[in-house]
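Asker: One structure follows; several queries about it will come next.
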Amino acid sequence: MFRQQKSFVKKTRTGGILKIVKEHYMRDDIWCGVIGCRECKGEPMLDPHTSELNTSILSPYLLVVDTNVVLHHPDFLENSAVHDVIVPQSVQEEVKHRNQMAYKRLRQIIDQKDGNKRFHVFLNMHHIRTYSEQAGENANDYNDRLIRLVCAFYQQHLSEQATPCNVVLLSDDKENREKSIAEHSIQALSTREYIHGLGEKHHSLLDYLSKVGDK
């Protein structure tokens, strides 16, 4: 276990000085949840070899979703064609903070026990390779950077396994997608692009998309 400590002083109402110490604990053994991983311990559930055929992506692959996809496209995520998805802990927490109904629907997907959806919450805020302090950026940019770090971690982590797979960021934020490619060489698609790649069989998924367009 690794500990990161940050301290600062604060002036009280009575004029006194109070020292505040914040500690953040991280680990290097938080499991990835992918079937076939030889390094992680824990019960694997994500199976990239069952990924839906998509003309935009080389199979096998896993999806990583950002906050806006969860907030704006819950019907899409609930569809049986969407499975084997990584949900960063930071995304789950942001969704919970911004929209309780969207959070409840996300948790219902994650908690499904039938084995068909397979949404895995990765504790990126406590993994030493995916946690980062906010550095001169607004909250939205910080959260997006954390998501990209998750993608980069999975891509490298799985490349070391016997059965590597592609990691794809699903985001409707154009800047986030561009940074994913430029900074980490991680493939990134908008929700609409992903659905088009699934072919005519799944084009009805376009009806599930909200009016919120790509940014």
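Going through the structure tokens in order, the chains are called A, B, and so on, while each chain numbers its residues from 1 and the ligands are numbered from 1 in the order shown.
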Name the residues in contact with Ile195 in chain A at a cut-off of 10 Å, using only C-alpha atoms, excluding same-chain residues fewer than 3 positions from it; report them as a PyMOL selection string.
Answerer: chain A and resi 54-56+76+81-82+189-192+198-206
Asker: Can you write out the residues you just picked, keeping N, CA and C atoms, as an mmCIF file, in the first residue's frame?
Answerer:
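again.cif written:
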```
data_model
loop_
_atom_site.group_PDB
_atom_site.id
_atom_site.type_symbol
_atom_site.label_atom_id
_atom_site.label_comp_id
_atom_site.auth_asym_id
_atom_site.auth_seq_id
_atom_site.Cartn_x
_atom_site.Cartn_y
_atom_site.Cartn_z
ATOM 1 N N ASN A 54 -17.447 -4.992 -34.744
ATOM 2 C CA ASN A 54 -17.573 -3.571 -35.054
ATOM 3 C C ASN A 54 -16.544 -3.230 -36.115
ATOM 4 N N THR A 55 -17.008 -2.652 -37.217
ATOM 5 C CA THR A 55 -16.110 -2.360 -38.339
ATOM 6 C C THR A 55 -15.098 -1.269 -38.007
ATOM 7 N N SER A 56 -15.327 -0.543 -36.911
ATOM 8 C CA SER A 56 -14.418 0.538 -36.532
ATOM 9 C C SER A 56 -13.334 0.077 -35.570
ATOM 10 N N PHE A 76 -29.034 3.365 -24.108
ATOM 11 C CA PHE A 76 -28.024 2.697 -24.930
ATOM 12 C C PHE A 76 -27.212 1.715 -24.085
ATOM 13 N N ALA A 81 -26.752 -5.322 -26.408
ATOM 14 C CA ALA A 81 -25.615 -5.287 -27.330
ATOM 15 C C ALA A 81 -24.404 -4.592 -26.725
ATOM 16 N N VAL A 82 -24.596 -3.935 -25.581
ATOM 17 C CA VAL A 82 -23.499 -3.211 -24.932
ATOM 18 C C VAL A 82 -23.084 -3.986 -23.686
ATOM 19 N N LEU A 189 -13.968 6.621 -29.783
ATOM 20 C CA LEU A 189 -15.110 6.783 -30.676
ATOM 21 C C LEU A 189 -16.238 7.503 -29.946
ATOM 22 N N SER A 190 -17.043 8.245 -30.712
ATOM 23 C CA SER A 190 -18.275 8.772 -30.144
ATOM 24 C C SER A 190 -19.285 7.633 -30.082
ATOM 25 N N THR A 191 -20.332 7.821 -29.313
ATOM 26 C CA THR A 191 -21.364 6.787 -29.216
ATOM 27 C C THR A 191 -21.974 6.511 -30.587
ATOM 28 N N ARG A 192 -22.212 7.570 -31.345
ATOM 29 C CA ARG A 192 -22.802 7.414 -32.680
ATOM 30 C C ARG A 192 -21.867 6.636 -33.596
ATOM 31 N N LEU A 198 -21.335 -1.033 -35.617
ATOM 32 C CA LEU A 198 -21.974 -2.318 -35.312
ATOM 33 C C LEU A 198 -22.774 -2.869 -36.494
ATOM 34 N N GLY A 199 -23.062 -2.017 -37.491
ATOM 35 C CA GLY A 199 -23.793 -2.477 -38.667
ATOM 36 C C GLY A 199 -25.300 -2.290 -38.534
ATOM 37 N N GLU A 200 -25.989 -2.607 -39.612
ATOM 38 C CA GLU A 200 -27.433 -2.371 -39.678
ATOM 39 C C GLU A 200 -28.206 -3.121 -38.597
ATOM 40 N N LYS A 201 -27.691 -4.247 -38.173
ATOM 41 C CA LYS A 201 -28.378 -5.057 -37.166
ATOM 42 C C LYS A 201 -28.649 -4.257 -35.896
ATOM 43 N N HIS A 202 -27.770 -3.314 -35.584
ATOM 44 C CA HIS A 202 -27.899 -2.567 -34.332
ATOM 45 C C HIS A 202 -28.152 -1.075 -34.548
ATOM 46 N N HIS A 203 -28.526 -0.680 -35.760
ATOM 47 C CA HIS A 203 -28.753 0.747 -36.025
ATOM 48 C C HIS A 203 -29.928 1.301 -35.226
ATOM 49 N N SER A 204 -30.800 0.434 -34.746
ATOM 50 C CA SER A 204 -31.921 0.905 -33.919
ATOM 51 C C SER A 204 -31.417 1.526 -32.614
ATOM 52 N N LEU A 205 -30.158 1.228 -32.232
ATOM 53 C CA LEU A 205 -29.587 1.828 -31.031
ATOM 54 C C LEU A 205 -29.468 3.341 -31.159
ATOM 55 N N LEU A 206 -29.435 3.834 -32.396
ATOM 56 C CA LEU A 206 -29.363 5.278 -32.597
ATOM 57 C C LEU A 206 -30.586 5.979 -32.013
#
```
Asker: Neighbouring residues of range 120-122 of chain A were defined as those with any atom within 9 Å, considering only C-alpha atoms; residues of the same chain fewer than 3 positions away were excluded. Please report them as a VMD selection string.
Answerer: chain A and resid 30 to 33 45 to 46 84 to 90 92 110 125 127 150
Asker: Next, write the just-selected residues to a file, as a compact mmCIF listing (two decimals), in the first residue's frame, keeping N, CA and C atoms as the atom set.
Answerer:
```txt
# COMPACT_ATOMS: atom_id res chain seq x y z
N ILE A 30 -4.77 -3.68 -7.41
CA ILE A 30 -6.22 -3.65 -7.67
C ILE A 30 -6.48 -4.39 -8.98
N TRP A 31 -7.35 -5.36 -8.95
CA TRP A 31 -7.51 -6.25 -10.10
C TRP A 31 -8.26 -5.59 -11.25
N CYS A 32 -7.88 -5.99 -12.47
CA CYS A 32 -8.44 -5.39 -13.68
C CYS A 32 -9.80 -5.97 -14.04
N GLY A 33 -10.07 -7.21 -13.61
CA GLY A 33 -11.36 -7.82 -13.88
C GLY A 33 -11.48 -8.51 -15.22
N MET A 45 -14.38 -11.04 -14.78
CA MET A 45 -15.71 -11.05 -15.36
C MET A 45 -15.73 -10.53 -16.80
N LEU A 46 -14.83 -9.59 -17.14
CA LEU A 46 -14.82 -9.00 -18.47
C LEU A 46 -14.24 -9.98 -19.48
N ASP A 84 -19.37 -5.88 -21.47
CA ASP A 84 -17.93 -5.89 -21.22
C ASP A 84 -17.38 -4.47 -21.26
N VAL A 85 -17.82 -3.70 -20.27
CA VAL A 85 -17.52 -2.27 -20.19
C VAL A 85 -16.79 -1.96 -18.88
N ILE A 86 -15.77 -1.14 -18.99
CA ILE A 86 -15.03 -0.67 -17.82
C ILE A 86 -15.58 0.69 -17.40
N VAL A 87 -15.99 0.80 -16.15
CA VAL A 87 -16.49 2.06 -15.61
C VAL A 87 -15.48 2.54 -14.57
N PRO A 88 -14.71 3.58 -14.88
CA PRO A 88 -13.77 4.09 -13.87
C PRO A 88 -14.52 4.56 -12.62
N GLN A 89 -13.93 4.33 -11.47
CA GLN A 89 -14.52 4.78 -10.22
C GLN A 89 -14.81 6.28 -10.24
N SER A 90 -13.91 7.05 -10.85
CA SER A 90 -14.09 8.50 -10.91
C SER A 90 -15.33 8.87 -11.72
N GLN A 92 -18.07 6.88 -11.99
CA GLN A 92 -19.20 6.52 -11.14
C GLN A 92 -19.46 7.61 -10.09
N ILE A 110 -24.52 -2.44 -13.35
CA ILE A 110 -23.33 -3.02 -12.73
C ILE A 110 -23.68 -4.22 -11.85
N MET A 125 -9.14 5.58 -8.57
CA MET A 125 -8.73 6.60 -7.60
C MET A 125 -7.83 6.02 -6.52
N HIS A 127 -5.56 3.25 -7.44
CA HIS A 127 -4.49 2.49 -8.09
C HIS A 127 -3.34 3.44 -8.36
N VAL A 150 -6.93 5.64 -17.20
CA VAL A 150 -7.47 4.28 -17.08
C VAL A 150 -7.31 3.54 -18.40
```
Asker: Quick one: residues within 12 Å of Gln155 in chain A, only C-alpha atoms counted, chain neighbours fewer than 3 positions away excluded, as an MDAnalysis selection string?
Answerer: chainID A and resid 32 34 61:64 148:152 158:161 163:169 180 184:187
Asker: Filtering to C-alpha atoms, could you give me those residues as a PDB file, in the first residue's frame?
Answerer:
```
ATOM      1  CA  CYS A  32      -8.444  -5.389 -13.678  1.00  0.00           C
ATOM      2  CA  VAL A  34     -10.410  -9.253 -17.286  1.00  0.00           C
ATOM      3  CA  TYR A  61     -11.855  -5.173 -27.402  1.00  0.00           C
ATOM      4  CA  LEU A  62     -13.171  -3.619 -24.203  1.00  0.00           C
ATOM      5  CA  LEU A  63     -14.997  -0.313 -23.822  1.00  0.00           C
ATOM      6  CA  VAL A  64     -14.244   2.436 -21.306  1.00  0.00           C
ATOM      7  CA  ARG A 148      -7.649   8.551 -20.241  1.00  0.00           C
ATOM      8  CA  LEU A 149      -5.179   7.280 -17.637  1.00  0.00           C
ATOM      9  CA  VAL A 150      -7.473   4.283 -17.080  1.00  0.00           C
ATOM     10  CA  CYS A 151      -7.498   3.575 -20.818  1.00  0.00           C
ATOM     11  CA  ALA A 152      -3.716   3.817 -20.992  1.00  0.00           C
ATOM     12  CA  LEU A 158      -3.409  -6.208 -21.224  1.00  0.00           C
ATOM     13  CA  SER A 159      -0.646  -5.968 -23.828  1.00  0.00           C
ATOM     14  CA  GLU A 160       1.505  -7.900 -21.381  1.00  0.00           C
ATOM     15  CA  GLN A 161      -0.988 -10.749 -21.159  1.00  0.00           C
ATOM     16  CA  THR A 163      -4.423 -12.614 -24.897  1.00  0.00           C
ATOM     17  CA  PRO A 164      -4.079  -8.843 -25.416  1.00  0.00           C
ATOM     18  CA  CYS A 165      -7.055  -6.824 -26.616  1.00  0.00           C
ATOM     19  CA  ASN A 166      -7.878  -3.322 -27.745  1.00  0.00           C
ATOM     20  CA  VAL A 167      -9.143  -0.735 -25.280  1.00  0.00           C
ATOM     21  CA  VAL A 168     -11.557   1.812 -26.725  1.00  0.00           C
ATOM     22  CA  LEU A 169     -12.699   5.036 -25.093  1.00  0.00           C
ATOM     23  CA  SER A 180      -6.840  10.013 -25.972  1.00  0.00           C
ATOM     24  CA  HIS A 184      -1.808   7.584 -25.331  1.00  0.00           C
ATOM     25  CA  SER A 185      -2.511   6.215 -28.839  1.00  0.00           C
ATOM     26  CA  ILE A 186      -5.832   4.914 -27.489  1.00  0.00           C
ATOM     27  CA  GLN A 187      -8.660   4.516 -29.976  1.00  0.00           C
TER      28      GLN A 187
END
```
Asker: Can you check which residues of range 50-93 of chain A DSSP gives as strand (DSSP E) on the backbone and send them as a ChimeraX atom specification?
Answerer: /A:61-65,85-88
Asker: DSSP on the backbone, then: every residue of chain A marked helix (DSSP H, G or I), written as a VMD selection string.
Answerer: chain A and resid 48 to 50 67 to 72 74 to 78 89 to 98 100 to 110 124 to 126 139 to 159 174 to 184 191 to 197 200 to 208
